[in-house]
$ cat input02.cif   # mmCIF, C-alpha atoms
data_protein
#
loop_
_atom_site.label_atom_id
_atom_site.label_comp_id
_atom_site.auth_asym_id
_atom_site.auth_seq_id
_atom_site.Cartn_x
_atom_site.Cartn_y
_atom_site.Cartn_z
CA MET A 1 96.23 233.92 129.57
CA ALA A 2 99.42 232.15 129.36
CA GLU A 3 100.23 229.99 126.26
CA GLN A 4 100.94 226.30 126.87
CA LYS A 5 103.70 224.64 124.87
CA ILE A 6 104.02 220.93 124.18
CA HIS A 7 107.55 219.63 124.03
CA PRO A 8 107.95 216.33 122.10
CA VAL A 9 109.90 213.51 123.68
CA HIS A 10 112.74 212.42 121.52
CA GLN A 11 113.26 208.57 121.49
CA ASP A 12 115.57 206.61 119.31
CA VAL A 13 113.49 204.36 117.07
CA GLU A 14 116.26 201.84 116.59
CA SER A 15 116.99 201.42 120.31
CA PRO A 16 115.43 198.30 121.96
CA PRO A 17 112.36 198.79 124.07
CA LEU A 18 112.78 199.22 127.78
CA PRO A 19 112.23 196.14 129.86
CA HIS A 20 108.80 195.71 131.32
CA THR A 21 108.81 196.25 134.98
CA PRO A 22 106.60 193.63 136.64
CA THR A 23 103.95 195.00 138.85
CA ALA A 24 103.54 191.70 140.84
CA PRO A 25 106.20 189.40 142.37
CA LEU A 26 107.18 186.23 140.37
CA VAL A 27 106.90 184.04 143.42
CA PRO A 28 103.65 184.19 145.29
CA PRO A 29 103.89 185.16 148.88
CA GLY A 30 104.35 182.24 151.25
CA ALA A 31 105.96 179.96 148.55
CA SER A 32 109.43 178.52 149.16
CA LYS A 33 112.19 179.97 147.15
CA SER A 34 115.03 177.96 145.61
CA ASP A 35 118.42 179.28 144.90
CA LYS A 36 118.87 176.68 142.16
CA GLY A 37 116.09 177.93 139.97
CA ASP A 38 112.86 176.15 138.99
CA PRO A 39 111.97 173.29 141.48
CA ALA A 40 110.20 171.27 138.77
CA ALA A 41 113.29 171.40 136.56
CA SER A 42 115.60 170.51 139.43
CA SER A 43 113.50 167.41 140.34
CA LEU A 44 114.17 165.87 136.88
CA GLU A 45 117.93 166.17 137.15
CA GLY A 46 119.79 162.82 136.97
CA TYR A 47 117.26 161.13 134.60
CA PRO A 48 117.84 160.68 130.89
CA PRO A 49 115.97 163.01 128.66
CA PHE A 50 112.56 161.81 127.53
CA ARG A 51 112.54 160.25 124.11
CA ARG A 52 109.58 158.89 122.26
CA THR A 53 110.04 155.26 121.22
CA ILE A 54 108.82 154.35 117.80
CA PRO A 55 107.82 150.63 117.40
CA VAL A 56 109.95 148.77 114.92
CA THR A 57 108.02 146.69 112.40
CA HIS A 58 109.88 143.64 111.03
CA SER A 59 109.06 142.72 107.51
CA ARG A 60 108.25 139.05 106.82
CA PRO A 61 110.94 137.11 105.00
CA PRO A 62 110.03 136.38 101.44
CA LYS A 63 108.64 132.88 100.84
CA LYS A 64 111.00 130.52 99.07
CA LYS A 65 109.68 129.37 95.78
CA ARG A 66 109.69 125.59 95.46
CA SER A 67 111.37 124.41 92.39
CA ARG A 68 109.72 122.00 89.99
CA LEU A 69 112.24 119.34 90.90
CA CYS A 70 111.29 119.57 94.59
CA LYS A 71 107.59 119.32 93.77
CA CYS A 72 108.21 116.36 91.50
CA PHE A 73 110.24 114.63 94.22
CA CYS A 74 107.49 115.18 96.81
CA TRP A 75 104.83 113.82 94.45
CA THR A 76 106.96 110.78 93.68
CA ILE A 77 107.52 109.99 97.37
CA SER A 78 103.80 110.41 98.04
CA LEU A 79 102.87 108.05 95.20
CA ILE A 80 105.38 105.45 96.40
CA LEU A 81 104.00 105.60 99.94
CA ILE A 82 100.44 105.25 98.65
CA LEU A 83 101.48 102.29 96.50
CA ILE A 84 103.17 100.60 99.47
CA ILE A 85 100.06 101.08 101.59
CA VAL A 86 97.82 99.64 98.85
CA ILE A 87 100.11 96.62 98.39
CA ALA A 88 100.16 96.03 102.15
CA ILE A 89 96.37 96.16 102.30
CA VAL A 90 96.00 93.74 99.37
CA ALA A 91 98.60 91.39 100.86
CA GLY A 92 96.77 91.45 104.19
CA ILE A 93 93.46 90.61 102.53
CA LEU A 94 95.03 87.75 100.53
CA TYR A 95 96.65 86.39 103.67
CA LEU A 96 93.36 86.39 105.56
CA VAL A 97 91.55 84.70 102.67
CA PHE A 98 94.09 82.04 101.62
CA ARG A 99 96.15 81.53 104.81
CA PRO A 100 99.38 80.59 102.92
CA LYS A 101 101.83 78.06 104.37
CA LEU A 102 105.31 77.15 103.23
CA PRO A 103 105.77 73.80 101.46
CA LYS A 104 107.65 71.06 103.28
CA PHE A 105 110.46 68.87 101.93
CA SER A 106 112.17 65.81 103.34
CA VAL A 107 114.80 63.38 102.09
CA ASP A 108 113.45 59.95 102.91
CA LYS A 109 115.92 57.63 101.21
CA MET A 110 119.31 57.70 99.50
CA GLN A 111 120.94 54.90 97.56
CA ILE A 112 124.39 54.86 96.01
CA THR A 113 124.54 52.99 92.74
CA GLN A 114 128.07 54.10 91.94
CA PHE A 115 130.88 55.62 94.01
CA VAL A 116 134.20 54.69 92.37
CA LEU A 117 137.65 56.24 92.47
CA ASN A 118 139.15 55.70 89.02
CA ASP A 119 142.78 55.21 88.10
CA ASN A 120 143.02 58.78 86.83
CA SER A 121 142.07 60.06 90.36
CA SER A 122 138.55 61.02 89.27
CA LEU A 123 135.61 60.10 91.48
CA GLU A 124 132.35 59.02 89.82
CA ALA A 125 129.20 59.12 91.93
CA THR A 126 125.59 58.18 91.17
CA PHE A 127 122.93 58.67 93.84
CA ASN A 128 119.26 57.76 93.80
CA VAL A 129 117.46 60.13 96.18
CA THR A 130 113.83 59.90 97.29
CA ILE A 131 112.33 63.32 98.16
CA THR A 132 108.86 63.97 99.54
CA ALA A 133 107.26 67.34 98.76
CA ARG A 134 104.16 68.40 100.72
CA ASN A 135 101.77 71.25 100.00
CA PRO A 136 99.81 71.97 103.21
CA ASN A 137 97.67 74.77 101.72
CA LYS A 138 93.92 74.30 101.28
CA LYS A 139 93.42 77.00 98.64
CA ILE A 140 96.86 77.33 97.03
CA GLY A 141 98.38 75.20 94.25
CA ILE A 142 102.06 75.10 93.24
CA TYR A 143 103.47 74.80 89.71
CA TYR A 144 107.00 73.37 89.75
CA GLU A 145 108.57 74.90 86.66
CA SER A 146 111.55 73.72 84.61
CA GLY A 147 115.03 75.01 85.40
CA SER A 148 115.45 73.42 88.82
CA HIS A 149 118.79 72.27 90.18
CA ILE A 150 119.59 69.80 92.95
CA SER A 151 123.10 68.90 94.14
CA VAL A 152 124.81 66.92 96.91
CA TYR A 153 127.93 68.24 98.69
CA TYR A 154 130.45 66.81 101.09
CA THR A 155 131.82 69.85 102.93
CA ASP A 156 132.47 72.23 99.99
CA THR A 157 132.95 69.59 97.27
CA LYS A 158 130.10 68.79 94.91
CA LEU A 159 129.66 65.04 94.46
CA CYS A 160 126.67 64.84 92.09
CA GLU A 161 123.77 66.88 90.73
CA GLY A 162 120.46 66.64 88.89
CA SER A 163 117.05 68.34 88.57
CA LEU A 164 113.46 67.97 89.73
CA PRO A 165 110.72 67.16 87.21
CA LYS A 166 108.14 69.71 86.09
CA PHE A 167 104.73 69.09 87.65
CA TYR A 168 101.72 70.70 89.37
CA GLN A 169 101.00 70.07 93.04
CA GLY A 170 97.39 70.60 94.12
CA HIS A 171 95.85 71.57 97.43
CA GLU A 172 97.01 69.55 100.46
CA ASN A 173 98.93 67.22 98.17
CA THR A 174 101.95 65.02 98.94
CA THR A 175 104.24 64.03 96.06
CA VAL A 176 107.10 61.50 96.26
CA LEU A 177 109.95 62.09 93.78
CA ASN A 178 112.74 59.72 92.84
CA ILE A 179 115.68 61.79 91.60
CA LEU A 180 118.79 60.42 89.89
CA LEU A 181 121.94 62.43 90.64
CA THR A 182 125.24 61.91 88.85
CA GLY A 183 128.64 63.59 89.00
CA GLN A 184 132.36 63.32 88.49
CA THR A 185 135.04 64.97 90.62
CA GLN A 186 138.57 65.42 89.31
CA ASN A 187 141.68 64.97 91.48
CA ALA A 188 139.63 63.22 94.15
CA THR A 189 142.36 61.12 95.80
CA GLU A 190 142.53 63.44 98.80
CA LEU A 191 138.72 63.61 98.92
CA ALA A 192 138.40 59.81 99.02
CA GLY A 193 140.96 59.68 101.84
CA ARG A 194 139.01 62.23 103.91
CA LEU A 195 135.76 60.33 103.36
CA GLN A 196 137.39 57.05 104.43
CA GLU A 197 138.80 58.70 107.55
CA GLN A 198 135.45 60.38 108.35
CA GLN A 199 133.39 57.17 108.28
CA GLN A 200 136.01 55.21 110.25
CA SER A 201 136.40 57.79 113.03
CA THR A 202 132.75 58.86 113.50
CA GLY A 203 130.76 56.03 111.89
CA ASN A 204 128.81 58.44 109.67
CA VAL A 205 129.22 60.87 106.78
CA PRO A 206 127.33 64.24 106.74
CA LEU A 207 126.09 65.45 103.35
CA ASN A 208 124.41 68.66 102.26
CA LEU A 209 121.61 68.53 99.70
CA ARG A 210 120.67 71.84 98.04
CA VAL A 211 117.64 72.49 95.85
CA LYS A 212 116.86 75.55 93.70
CA GLN A 213 113.37 75.30 92.25
CA PRO A 214 111.43 77.97 90.30
CA VAL A 215 107.69 77.79 90.99
CA ARG A 216 104.47 79.66 90.31
CA VAL A 217 101.84 79.97 93.01
CA LYS A 218 98.15 79.62 92.10
CA LEU A 219 95.66 81.52 94.30
CA GLY A 220 92.25 80.23 93.32
CA LYS A 221 92.22 80.85 89.57
CA LEU A 222 94.97 83.50 89.70
CA LYS A 223 98.47 82.39 88.73
CA LEU A 224 101.13 84.64 90.24
CA MET A 225 104.60 85.51 89.00
CA LYS A 226 107.49 83.09 89.21
CA VAL A 227 109.47 82.82 92.44
CA LYS A 228 112.34 80.57 93.55
CA PHE A 229 112.30 78.01 96.31
CA TYR A 230 115.55 77.23 98.13
CA VAL A 231 115.77 74.01 100.12
CA ARG A 232 118.78 72.93 102.16
CA CYS A 233 118.84 69.49 103.75
CA ARG A 234 121.49 68.05 106.02
CA VAL A 235 121.60 64.31 105.48
CA VAL A 236 123.67 61.86 107.56
CA VAL A 237 124.51 58.38 106.21
CA ASP A 238 126.64 55.67 107.78
CA ARG A 239 128.98 55.29 104.83
CA LEU A 240 129.69 56.26 101.23
CA ILE A 241 132.51 53.89 100.35
CA ALA A 242 131.51 50.21 100.50
CA GLU A 243 132.06 47.16 98.37
CA ASP A 244 128.35 46.45 97.90
CA ASN A 245 127.38 50.16 97.68
CA SER A 246 124.87 49.65 100.50
CA ILE A 247 124.47 52.60 102.90
CA GLY A 248 122.34 53.25 105.95
CA PHE A 249 120.23 56.41 106.14
CA GLN A 250 120.49 57.96 109.62
CA SER A 251 118.86 61.43 109.67
CA SER A 252 117.57 64.28 107.52
CA ASN A 253 116.76 67.90 108.36
CA CYS A 254 115.53 70.36 105.70
CA LYS A 255 115.06 74.14 105.76
CA PHE A 256 112.96 75.98 103.21
CA ARG A 257 112.88 79.59 102.01
CA PHE A 258 111.82 81.45 98.90
CA ARG A 259 112.92 84.56 97.02
CA LEU A 260 111.30 86.71 94.36
#
$ encode --input "input02.cif" --output "structure tokens"
Amino acid sequence: MAEQKIHPVHQDVESPPLPHTPTAPLVPPGASKSDKGDPAASSLEGYPPFRRTIPVTHSRPPKKKRSRLCKCFCWTISLILILIIVIAIVAGILYLVFRPKLPKFSVDKMQITQFVLNDNSSLEATFNVTITARNPNKKIGIYYESGSHISVYYTDTKLCEGSLPKFYQGHENTTVLNILLTGQTQNATELAGRLQEQQQSTGNVPLNLRVKQPVRVKLGKLKLMKVKFYVRCRVVVDRLIAEDNSIGFQSSNCKFRFRL
């Protein structure tokens, strides 16, 4: 019987393993082959590589802290607006209840007791003016306070002045006042010449009468704060210079306004 010998196969341990020989074809039979490699990879050529977009979250800007000065200013404006609204409401209610009307003034008569040009070129004038004051209100009284001033002007030159008396005028009352006005104008030679020329050329002399009168208005039993009445009357007389000091009263037109 013959002896069998086994011969070991010597293989280098450090040498890389032999490539695996495929037993089946990489491309199935009947499939189209491409010389350019993988068809799926070639179909994506020309497009940018796929990148995953991450949504950007914007943080909210921090709220500005209002300073104390800004808050104080806003509160002050709000209080002022509220106060204006309350005053408007109260004024509207008072108007509906009392129905206020402005007083009416008229110059009914004017007499000249003295209008003399002296030797020293001073002009002395004394007028006696009759003024009618009317209060048309049914529920409002008027207190005419002291400190009034009434004056008569020719153009811009004051001829005489005086004041109204202090009195109370009730509801729907008409009061006639006789006011004495006196004055002296220095260097009045030119003024007298202009007056003489005015009355000869036109037959009349226009005068301006101005009244400043502080008053207090009484609403029922409530006496309000002091206000000022301003009255301006345009008076036309036929003459100022005459030997017998007699003048003719031609017209009178008065405008009234008041101020706090």
$ resolve_selection --input "input02.cif" --expression "the PyMOL selection byres ((chain A and resi 162) around 9)" --output "list of chain:residue names"
A:Ser148, A:His149, A:Ile150, A:Ser151, A:Cys160, A:Glu161, A:Ser163, A:Leu164, A:Ile179, A:Leu180, A:Leu181, A:Thr182, A:Gly183
$ write_last_selection --input "input02.cif" --atoms "C-alpha atoms" --output "PDB file, in the coordinates of the input"
ATOM      1  CA  SER A 148     115.450  73.420  88.820  1.00  0.00           C
ATOM      2  CA  HIS A 149     118.790  72.270  90.180  1.00  0.00           C
ATOM      3  CA  ILE A 150     119.590  69.800  92.950  1.00  0.00           C
ATOM      4  CA  SER A 151     123.100  68.900  94.140  1.00  0.00           C
ATOM      5  CA  CYS A 160     126.670  64.840  92.090  1.00  0.00           C
ATOM      6  CA  GLU A 161     123.770  66.880  90.730  1.00  0.00           C
ATOM      7  CA  SER A 163     117.050  68.340  88.570  1.00  0.00           C
ATOM      8  CA  LEU A 164     113.460  67.970  89.730  1.00  0.00           C
ATOM      9  CA  ILE A 179     115.680  61.790  91.600  1.00  0.00           C
ATOM     10  CA  LEU A 180     118.790  60.420  89.890  1.00  0.00           C
ATOM     11  CA  LEU A 181     121.940  62.430  90.640  1.00  0.00           C
ATOM     12  CA  THR A 182     125.240  61.910  88.850  1.00  0.00           C
ATOM     13  CA  GLY A 183     128.640  63.590  89.000  1.00  0.00           C
TER      14      GLY A 183
END
$ closest_residue --input "input02.cif" --among "A:Tyr154, A:Phe127, A:Tyr144, A:Phe73" --to "A:Thr175" --atoms "only C-alpha atoms"
A:Tyr144
$ closest_residue --input "input02.cif" --among "A:Ala188, A:Leu102, A:Ile84, A:Val231" --to "A:Ala125" --atoms "only C-alpha atoms"
A:Ala188
$ axis_aligned_box --input "input02.cif" --around "stretch 218-226 of chain A" --padding-each-side "3 Å" --output "JSON"
{"center_x": 99.9, "center_y": 82.6, "center_z": 91.5, "size_x": 21.3, "size_y": 11.9, "size_z": 11.6}
$ atom_distance --input "input02.cif" --atom1 "atom CA of A:Lys104" --atom2 "atom CA of A:Ile87"
27.1 Å
$ closest_residue --input "input02.cif" --among "A:Asn135, A:Gln186, A:Cys233, A:Gly203" --to "A:Val152" --atoms "only C-alpha atoms"
A:Cys233
$ closest_residue --input "input02.cif" --among "A:Ile131, A:Leu123, A:Ile140, A:Leu222" --to "A:Leu195" --atoms "all atoms listed in the file"
A:Leu123
$ residues_around --input "input02.cif" --residues "stretch 105-107 of chain A" --least-positions-apart "6" --cutoff "8 Å" --atoms "only C-alpha atoms" --output "NGL selection string"
:A and (129-134 or 231 or 233 or 235 or 252-256)
$ atom_distance --input "input02.cif" --atom1 "atom CA of A:Val227" --atom2 "atom CA of A:Gln213"
8.5 Å
$ closest_residue --input "input02.cif" --among "A:Leu69, A:Ile89, A:Pro103, A:Thr202" --to "A:Glu172" --atoms "only C-alpha atoms"
A:Pro103
